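Scroll down for the structure; my scribbles are underneath it.
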Amino acid sequence: MAVKIKTLSGYIHEYQKSIVNPEDFWRQQAEDFYWRKKCDCVLDWNFKEPRIEWFKGGKLNITENIFERQIYTRKDQAAIIWEPNSPDEDSVTLSYSELFNKVKQFSNVLLQNGVEKGDRVAIYMPMIPELAIAMLACARIGAIHSIVFAGFSSNALADRIIDAQAKIVITSDGAYRGAKKIVIKSIVDAAVEKCDSVKTVIVKRRTGEDVNMVDGRDLWWDDLCQGVSLDNEAETMDAEDPLFILYTSGSTDKPKGVVHTTGGYMVFSSYTFRNVFQYNQGDVYFCSADIGWITGHSYIVYGPLLSGATSLMFEGIPTWPDAGRYWDIVEKHKVNQFYTAPTAIRALMAEGNEFVEKKEMPSLKVLGTVGEPINEEAWHWYHDHVGKGRCPIVDTWWQTETGGILISPLAGIIPTKPSYATLPLPGIKPVIVDAEGKELKGNGVEGNLCIKFPWPGMTRTLYGDHKRFYETYFSTFKGLYFTGDGVKRDEDGYYRILGRVDDVINVSGHRMGTAEVENAINEHPLVVESAVVGYPHDIKGQGIYAFAVCNDLDDSADEEGIIKSIKIGVNNIIGPIARPDKILIVSGLPKTRSGKIMRRILRKIASGDYDNFGDTSTLLDPDIVEEIIDKSKL
Ligand code: 7RM
């Protein structure tokens, strides 16, 4: 493996180099890998169309870089340590050669079932090793995986399958989540009913319950693997061939299929993994995310495995059987780097210190966070109680679209500051612009976070909708990639992410479009219209507050019952992560004369801040605000 940055001056040097000549810098990073054919051109780009191509002409397979390239040195080393939901069940370790065999075998299974290069494969699975095996098998044969987090509803799954026109769905019978057993297969059945593109459903046994297998469509994973060869030659892929699609929420109701391609994503996910976490050979690295989100893609599977790391994958939840589950895992497997979300930290902090105090966790060297801003209190608790004051915290800022970490300390190298993502990684050029798009230079400024130069891990398009890709990220500020986040650069030049500036809210580190939730609420037969905003929530970071206008309600209406049924509706349409924390039934929404909802006012009411609504002169009906305020106080 190429050089890892080891000192602050090393960082400064590499950063300078990467900015002066990004193409040379990334060409060097790409040299770590095995290319069946080297690229003709490191970078070709413009942010106008936009067109972003890295390592054009290069040919490779990402799984060949995980397995064949490393197999002689890492054959018996653990690739994945799988920790099941229940501490009473044995954990499973898959060495690089064992994982390799499983991936090759399942690649053959996919080929035998008619999956071809370029086909889309939807994966809807709990956190079991077969999830990683399925995604790597797709990558090996050149099929494009589209993993859907197994907490989404059948409707949400169907939307994603239809958008990607997936040919096959890979799933499980059920899932364990803490004390609960969850059905998975019947959710897939309900989704697939609406999806003509799906010809085959492959089902891995996990919970062993009875499931309905549709003749001619549904097949058991284990049956399919019986007697199948372990020999498989990886497909040759172009550097810019799509590797996967991952749907994420935006400010409109339809989720966006973020597309990542092969060569650039490979180089970027592994480079950032090694440098941010300062991973050393032999370390055990544990990221508590679900593979259904980008963090799991880049920092449980691809980044770590491309770096020859041992990656721990956990099926369960942090609070079951008790709030010490993570710390038990850290001690049991001697975890060296631990990466989680602020919402998990806050939830565990709320359970008190006794669980964490019982654990010394001497193996821990690095702690990471991702997904949302971390408040100072949670940062200090993490630092003092989990890290015992001796582990640097890497507060990593990035997005589904960025493919990997863009702004973060390098562990132990860049001095940290609570709540700050600190400095950009090499190759990353952040800029802050005001509402008019004017760049705010120098330190001590605050505004919209944009990136002005491409990096290899960035998304190339939205699946099937390049126009929307341009409009979402490149049209707000000409010539810049717009992140949707607000940011402050302090007097030291350190970056602090302030949160979304668009209609996206961040609930427990999960991105939710307010329009998406509104549409789900509006499906309710009594709801005429609704407005959804985020409000500060102690554990979730942001909670979901919905204002719903209902038809024909008289004084005797059962508002409680209506609220409950709206929540159930949202649950069915999107999934439990989108269920509003609070719903207020109101007789109207504060609108401007031109009919725009004044969300600013609703946000203030939702956060319990009733003074100073700013300029309300454009309000059509000021009385409505008074009514909403009164009702929200009840
Ligand atoms: C990796 C991931 C992206 C959004 C992003 C931010 C927020 C992520 C941080 C953060 C403050 C952080 N992808 N975000 N990391 N905010 N500090 N370290 O989360 O696509 O699901 O979400 O999450 O608003 O735009 S994501």
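A note on labels: chains of the structure tokens are A, B, ... as shown, every chain counts residues from 1, and ligands are counted from 1 in their shown order.
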Mind dumping a table of every chain A residue within 7 Å of ligand 1, with the nearest atom pair and its distance in Å to one decimal, using only C-alpha atoms and all ligand atoms, sorted by chain and rising number, as a tab-separated table?
```
residue	atom	partner	partner_atom_place_in_ligand_line	distance
A:Thr248	CA	ligand 1	20 (O)	6.5
A:Trp293	CA	ligand 1	21 (O)	6.8
A:Ile294	CA	ligand 1	1 (C)	6.1
A:Thr295	CA	ligand 1	1 (C)	5.4
A:Thr369	CA	ligand 1	18 (N)	6.3
A:Val370	CA	ligand 1	15 (N)	4.4
A:Gly371	CA	ligand 1	19 (O)	3.4
A:Glu372	CA	ligand 1	16 (N)	3.5
A:Pro373	CA	ligand 1	11 (C)	3.4
A:Ile374	CA	ligand 1	17 (N)	6.3
A:Asp395	CA	ligand 1	18 (N)	4.9
A:Thr396	CA	ligand 1	18 (N)	4.2
A:Trp397	CA	ligand 1	18 (N)	3.6
A:Trp398	CA	ligand 1	1 (C)	4.9
A:Gln399	CA	ligand 1	13 (N)	3.5
A:Thr400	CA	ligand 1	20 (O)	3.7
A:Glu401	CA	ligand 1	20 (O)	6.4
A:Ala421	CA	ligand 1	18 (N)	5.9
A:Thr483	CA	ligand 1	25 (O)	6.1
A:Gly484	CA	ligand 1	25 (O)	6.1
A:Asp485	CA	ligand 1	25 (O)	5.4
A:Ile497	CA	ligand 1	11 (C)	4.8
A:Leu498	CA	ligand 1	11 (C)	6.6
A:Gly499	CA	ligand 1	24 (O)	4.8
A:Arg500	CA	ligand 1	24 (O)	4.9
A:Asn506	CA	ligand 1	23 (O)	6.7
A:Gly509	CA	ligand 1	19 (O)	6.2
A:His510	CA	ligand 1	21 (O)	5.6
A:Arg511	CA	ligand 1	21 (O)	5.2
```
Dump as a Markdown table the rows for residues of stretch 259-296 of chain A within 12 Å of stretch 103-124 of chain A: closest atom pair and distance in Å with one decimal, only C-alpha atoms counted, ordered by chain and rising residue number.
```
| residue | atom | partner | partner_atom | distance |
| --- | --- | --- | --- | --- |
| A:Val259 | CA | A:Arg120 | CA | 11.8 |
| A:Thr261 | CA | A:Gly118 | CA | 11.8 |
| A:Asp290 | CA | A:Tyr124 | CA | 11.6 |
| A:Ile291 | CA | A:Tyr124 | CA | 10.2 |
| A:Gly292 | CA | A:Tyr124 | CA | 8.1 |
| A:Trp293 | CA | A:Tyr124 | CA | 11.7 |
```
Exercise for review: Excluding A:Glu23 and any residue of its chain fewer than 5 positions from it, enumerate the residues within 10 Å of it, using only C-alpha atoms, and give them as a VMD selection string.
Suggested key: chain A and resid 17 to 18 28 to 29 41 to 44 54 to 55 427 455
Review point. In Å, how far is it from atom CA of A:Met135 to atom CA of A:Pro50?
Key: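 Taking atom CA of A:Met135 as the start and atom CA of A:Pro50 as the end point, the length is 28.1 Å.
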Practice item. Compile the contact shell of A:Pro126 as JSON, numbers by chain: residues with an atom at most 9 Å away, counting only C-alpha atoms, same-chain residues fewer than 6 positions apart removed. Key: {"A": [149, 150, 151, 171, 172, 174, 175, 176, 177, 184, 206, 290, 291, 292, 315]}
Would you output that residue set with N, CA and C atoms, as a PDB file, in the first residue's frame?
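Below you can see part_13.pdb, which holds the result:
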```pdb
ATOM      1  N   PHE A 149     -32.082  -0.227   2.443  1.00  0.00           N
ATOM      2  CA  PHE A 149     -32.068  -0.454   3.890  1.00  0.00           C
ATOM      3  C   PHE A 149     -33.316  -1.246   4.293  1.00  0.00           C
ATOM      4  N   ALA A 150     -33.121  -2.316   5.053  1.00  0.00           N
ATOM      5  CA  ALA A 150     -34.229  -3.224   5.359  1.00  0.00           C
ATOM      6  C   ALA A 150     -35.217  -2.660   6.378  1.00  0.00           C
ATOM      7  N   GLY A 151     -35.145  -1.367   6.664  1.00  0.00           N
ATOM      8  CA  GLY A 151     -36.148  -0.726   7.505  1.00  0.00           C
ATOM      9  C   GLY A 151     -37.180   0.010   6.650  1.00  0.00           C
ATOM     10  N   THR A 171     -32.778 -11.311  -0.689  1.00  0.00           N
ATOM     11  CA  THR A 171     -33.354 -10.964   0.601  1.00  0.00           C
ATOM     12  C   THR A 171     -33.177 -12.105   1.604  1.00  0.00           C
ATOM     13  N   SER A 172     -33.875 -12.011   2.743  1.00  0.00           N
ATOM     14  CA  SER A 172     -33.817 -13.088   3.736  1.00  0.00           C
ATOM     15  C   SER A 172     -35.244 -13.390   4.187  1.00  0.00           C
ATOM     16  N   GLY A 174     -36.309 -13.507   7.431  1.00  0.00           N
ATOM     17  CA  GLY A 174     -36.634 -12.528   8.459  1.00  0.00           C
ATOM     18  C   GLY A 174     -35.364 -11.887   8.968  1.00  0.00           C
ATOM     19  N   ALA A 175     -35.504 -11.102  10.043  1.00  0.00           N
ATOM     20  CA  ALA A 175     -34.346 -10.429  10.617  1.00  0.00           C
ATOM     21  C   ALA A 175     -34.516 -10.358  12.121  1.00  0.00           C
ATOM     22  N   TYR A 176     -33.399 -10.359  12.840  1.00  0.00           N
ATOM     23  CA  TYR A 176     -33.416 -10.121  14.282  1.00  0.00           C
ATOM     24  C   TYR A 176     -32.986  -8.685  14.526  1.00  0.00           C
ATOM     25  N   ARG A 177     -33.718  -8.047  15.408  1.00  0.00           N
ATOM     26  CA  ARG A 177     -33.356  -6.663  15.770  1.00  0.00           C
ATOM     27  C   ARG A 177     -33.628  -6.510  17.248  1.00  0.00           C
ATOM     28  N   ILE A 184     -39.160 -10.025   6.721  1.00  0.00           N
ATOM     29  CA  ILE A 184     -38.481  -9.372   5.609  1.00  0.00           C
ATOM     30  C   ILE A 184     -39.116  -9.848   4.302  1.00  0.00           C
ATOM     31  N   ARG A 206     -32.453 -16.870   7.689  1.00  0.00           N
ATOM     32  CA  ARG A 206     -31.838 -16.302   8.881  1.00  0.00           C
ATOM     33  C   ARG A 206     -32.645 -16.671  10.111  1.00  0.00           C
ATOM     34  N   ASP A 290     -25.372   0.525   9.156  1.00  0.00           N
ATOM     35  CA  ASP A 290     -25.985  -0.546   8.382  1.00  0.00           C
ATOM     36  C   ASP A 290     -25.463  -0.433   6.954  1.00  0.00           C
ATOM     37  N   ILE A 291     -25.229  -1.569   6.321  1.00  0.00           N
ATOM     38  CA  ILE A 291     -24.709  -1.563   4.950  1.00  0.00           C
ATOM     39  C   ILE A 291     -25.727  -0.946   3.983  1.00  0.00           C
ATOM     40  N   GLY A 292     -26.975  -0.845   4.418  1.00  0.00           N
ATOM     41  CA  GLY A 292     -28.004  -0.199   3.608  1.00  0.00           C
ATOM     42  C   GLY A 292     -27.798   1.300   3.414  1.00  0.00           C
ATOM     43  N   GLU A 315     -24.970  -7.196  13.615  1.00  0.00           N
ATOM     44  CA  GLU A 315     -26.359  -7.364  13.188  1.00  0.00           C
ATOM     45  C   GLU A 315     -27.355  -6.613  14.063  1.00  0.00           C
TER      46      GLU A 315
END
```
Review point. Given the choices A:Phe314, A:Tyr610, A:Phe547, A:Tyr34, which gets closest to A:Asp581 if the distance is worked out from only C-alpha atoms?
Key: A:Phe547
Point to revise | Within 8 Å of A:Leu94 using only C-alpha atoms, minus same-chain residues under 3 positions, as a PyMOL selection string | key: chain A and resi 78-81+97-99
Point to revise | Residues near A:Pro84, cut-off 8 Å, only C-alpha atoms, skip fewer than 5 positions along chain, as an MDAnalysis selection string | key: chainID A and resid 89:91 128 314:316
Exercise for review: List every residue of stretch 122-317 of chain A that DSSP, applied to the backbone, labels as strand (DSSP E or B), and write the result as a ChimeraX atom specification.
Suggested key: /A:122-124,144-147,168-172,174-177,180-183,200-204,218-220,237-238,242-248,256-261,284-287,310-314
For the residues selected in the previous step, produce a file with N, CA and C atoms as a compact mmCIF listing (two decimals), in the first residue's frame.
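Saved the output as part_21.txt:
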```
# COMPACT_ATOMS: atom_id res chain seq x y z
N ALA A 122 -31.43 -5.66 -6.82
CA ALA A 122 -31.85 -5.03 -5.56
C ALA A 122 -31.53 -5.98 -4.40
N ILE A 123 -31.01 -5.42 -3.33
CA ILE A 123 -30.67 -6.23 -2.16
C ILE A 123 -31.38 -5.62 -0.96
N TYR A 124 -32.16 -6.46 -0.28
CA TYR A 124 -32.95 -6.00 0.88
C TYR A 124 -32.73 -7.03 1.98
N ILE A 144 -25.00 -4.16 -11.20
CA ILE A 144 -25.04 -2.94 -10.39
C ILE A 144 -25.92 -3.19 -9.17
N HIS A 145 -25.34 -3.18 -7.98
CA HIS A 145 -26.19 -3.42 -6.81
C HIS A 145 -26.91 -2.16 -6.37
N SER A 146 -28.15 -2.37 -5.92
CA SER A 146 -28.93 -1.28 -5.35
C SER A 146 -29.44 -1.81 -4.01
N ILE A 147 -28.73 -1.46 -2.96
CA ILE A 147 -29.10 -1.97 -1.64
C ILE A 147 -30.13 -1.03 -1.03
N ILE A 168 -33.62 -8.80 -10.29
CA ILE A 168 -33.57 -9.81 -9.25
C ILE A 168 -33.52 -9.10 -7.90
N VAL A 169 -34.10 -9.75 -6.90
CA VAL A 169 -34.04 -9.19 -5.54
C VAL A 169 -33.42 -10.26 -4.64
N ILE A 170 -32.47 -9.84 -3.81
CA ILE A 170 -31.85 -10.76 -2.86
C ILE A 170 -32.29 -10.34 -1.46
N THR A 171 -32.78 -11.31 -0.69
CA THR A 171 -33.35 -10.96 0.60
C THR A 171 -33.18 -12.11 1.60
N SER A 172 -33.87 -12.01 2.74
CA SER A 172 -33.82 -13.09 3.74
C SER A 172 -35.24 -13.39 4.19
N GLY A 174 -36.31 -13.51 7.43
CA GLY A 174 -36.63 -12.53 8.46
C GLY A 174 -35.36 -11.89 8.97
N ALA A 175 -35.50 -11.10 10.04
CA ALA A 175 -34.35 -10.43 10.62
C ALA A 175 -34.52 -10.36 12.12
N TYR A 176 -33.40 -10.36 12.84
CA TYR A 176 -33.42 -10.12 14.28
C TYR A 176 -32.99 -8.68 14.53
N ARG A 177 -33.72 -8.05 15.41
CA ARG A 177 -33.36 -6.66 15.77
C ARG A 177 -33.63 -6.51 17.25
N LYS A 180 -36.67 -8.16 19.02
CA LYS A 180 -37.72 -8.38 18.01
C LYS A 180 -37.27 -9.24 16.85
N LYS A 181 -38.24 -9.94 16.30
CA LYS A 181 -38.03 -10.68 15.06
C LYS A 181 -38.85 -9.94 14.01
N ILE A 182 -38.24 -9.65 12.90
CA ILE A 182 -38.93 -8.83 11.89
C ILE A 182 -39.10 -9.63 10.61
N VAL A 183 -40.26 -9.48 9.99
CA VAL A 183 -40.45 -10.17 8.72
C VAL A 183 -39.79 -9.35 7.62
N THR A 200 -36.66 -12.95 -10.45
CA THR A 200 -36.16 -13.92 -9.47
C THR A 200 -35.98 -13.25 -8.11
N VAL A 201 -36.32 -14.00 -7.05
CA VAL A 201 -36.05 -13.53 -5.68
C VAL A 201 -35.23 -14.62 -4.99
N ILE A 202 -34.06 -14.24 -4.50
CA ILE A 202 -33.22 -15.22 -3.80
C ILE A 202 -33.32 -14.94 -2.29
N VAL A 203 -33.59 -16.00 -1.53
CA VAL A 203 -33.88 -15.82 -0.11
C VAL A 203 -32.85 -16.57 0.76
N LYS A 204 -32.17 -15.84 1.61
CA LYS A 204 -31.23 -16.47 2.56
C LYS A 204 -31.98 -16.73 3.86
N ASP A 218 -39.17 -17.58 -6.63
CA ASP A 218 -38.38 -17.51 -5.40
C ASP A 218 -37.49 -18.74 -5.23
N LEU A 219 -36.27 -18.50 -4.85
CA LEU A 219 -35.29 -19.58 -4.70
C LEU A 219 -34.51 -19.38 -3.41
N TRP A 220 -34.18 -20.51 -2.75
CA TRP A 220 -33.38 -20.42 -1.52
C TRP A 220 -31.91 -20.25 -1.85
N MET A 237 -14.18 -4.54 -16.03
CA MET A 237 -15.05 -3.35 -16.01
C MET A 237 -14.25 -2.12 -16.43
N ASP A 238 -14.93 -1.19 -17.07
CA ASP A 238 -14.33 0.12 -17.32
C ASP A 238 -14.32 0.89 -16.01
N PRO A 242 -20.80 1.83 -13.87
CA PRO A 242 -21.43 1.95 -12.56
C PRO A 242 -21.13 0.74 -11.67
N LEU A 243 -20.84 1.02 -10.40
CA LEU A 243 -20.62 -0.05 -9.42
C LEU A 243 -21.91 -0.27 -8.63
N PHE A 244 -22.52 0.82 -8.22
CA PHE A 244 -23.78 0.67 -7.50
C PHE A 244 -24.64 1.92 -7.60
N ILE A 245 -25.92 1.71 -7.25
CA ILE A 245 -26.88 2.80 -7.10
C ILE A 245 -27.27 2.79 -5.63
N LEU A 246 -27.38 3.94 -5.03
CA LEU A 246 -27.89 4.00 -3.66
C LEU A 246 -28.86 5.18 -3.58
N TYR A 247 -30.08 4.88 -3.18
CA TYR A 247 -31.11 5.92 -3.14
C TYR A 247 -30.98 6.76 -1.89
N THR A 248 -31.16 8.06 -2.06
CA THR A 248 -31.10 8.96 -0.92
C THR A 248 -32.15 10.04 -1.09
N LYS A 256 -33.54 9.92 -4.84
CA LYS A 256 -32.63 10.00 -5.96
C LYS A 256 -31.69 8.80 -5.98
N GLY A 257 -31.51 8.22 -7.15
CA GLY A 257 -30.61 7.07 -7.29
C GLY A 257 -29.20 7.54 -7.57
N VAL A 258 -28.43 7.73 -6.49
CA VAL A 258 -27.05 8.20 -6.63
C VAL A 258 -26.20 7.08 -7.24
N VAL A 259 -25.50 7.42 -8.33
CA VAL A 259 -24.70 6.41 -9.03
C VAL A 259 -23.21 6.60 -8.71
N HIS A 260 -22.57 5.52 -8.29
CA HIS A 260 -21.12 5.54 -8.11
C HIS A 260 -20.47 4.59 -9.11
N THR A 261 -19.31 4.99 -9.59
CA THR A 261 -18.63 4.17 -10.60
C THR A 261 -17.42 3.46 -9.99
N VAL A 284 -8.46 -4.37 14.33
CA VAL A 284 -9.86 -4.73 14.12
C VAL A 284 -10.67 -3.44 14.12
N TYR A 285 -11.39 -3.25 13.04
CA TYR A 285 -12.13 -2.00 12.82
C TYR A 285 -13.63 -2.31 12.85
N PHE A 286 -14.37 -1.49 13.58
CA PHE A 286 -15.82 -1.73 13.75
C PHE A 286 -16.60 -0.47 13.43
N CYS A 287 -17.38 -0.55 12.35
CA CYS A 287 -18.28 0.53 11.99
C CYS A 287 -19.69 0.03 12.26
N THR A 310 -9.54 -5.87 8.71
CA THR A 310 -10.53 -6.75 9.32
C THR A 310 -11.69 -5.88 9.74
N SER A 311 -12.84 -6.12 9.11
CA SER A 311 -14.00 -5.26 9.33
C SER A 311 -15.06 -6.01 10.11
N LEU A 312 -15.47 -5.44 11.23
CA LEU A 312 -16.48 -6.08 12.06
C LEU A 312 -17.86 -5.60 11.65
N MET A 313 -18.76 -6.55 11.47
CA MET A 313 -20.11 -6.25 11.02
C MET A 313 -21.08 -6.71 12.10
N PHE A 314 -21.94 -5.81 12.56
CA PHE A 314 -22.82 -6.13 13.70
C PHE A 314 -24.28 -6.12 13.27
```
Practice item. Quote the spacing between atom CA of A:Ser307 and atom CA of A:Asn232 in Å to one decimal place. Key: 22.0 Å
Check your understanding: Contacts of A:Leu306 at 10 Å or less, counting only C-alpha atoms, minus same-chain residues fewer than 5 places along, as a ChimeraX atom specification?
Key -> /A:33,62-67,69-70,266-267,269-271,273-274,301
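Each of A:Val228, A:Leu157, A:Ala234, A:Ile432 was compared to A:Ala139 using only C-alpha atoms, and A:Ala234 turns out to be the nearest.
Minimum atom-to-atom distances from A:Gln542, A:Thr459, A:Asn375, A:Thr73 to A:Ser419 were compared using only C-alpha atoms, and the lowest value belongs to A:Asn375.
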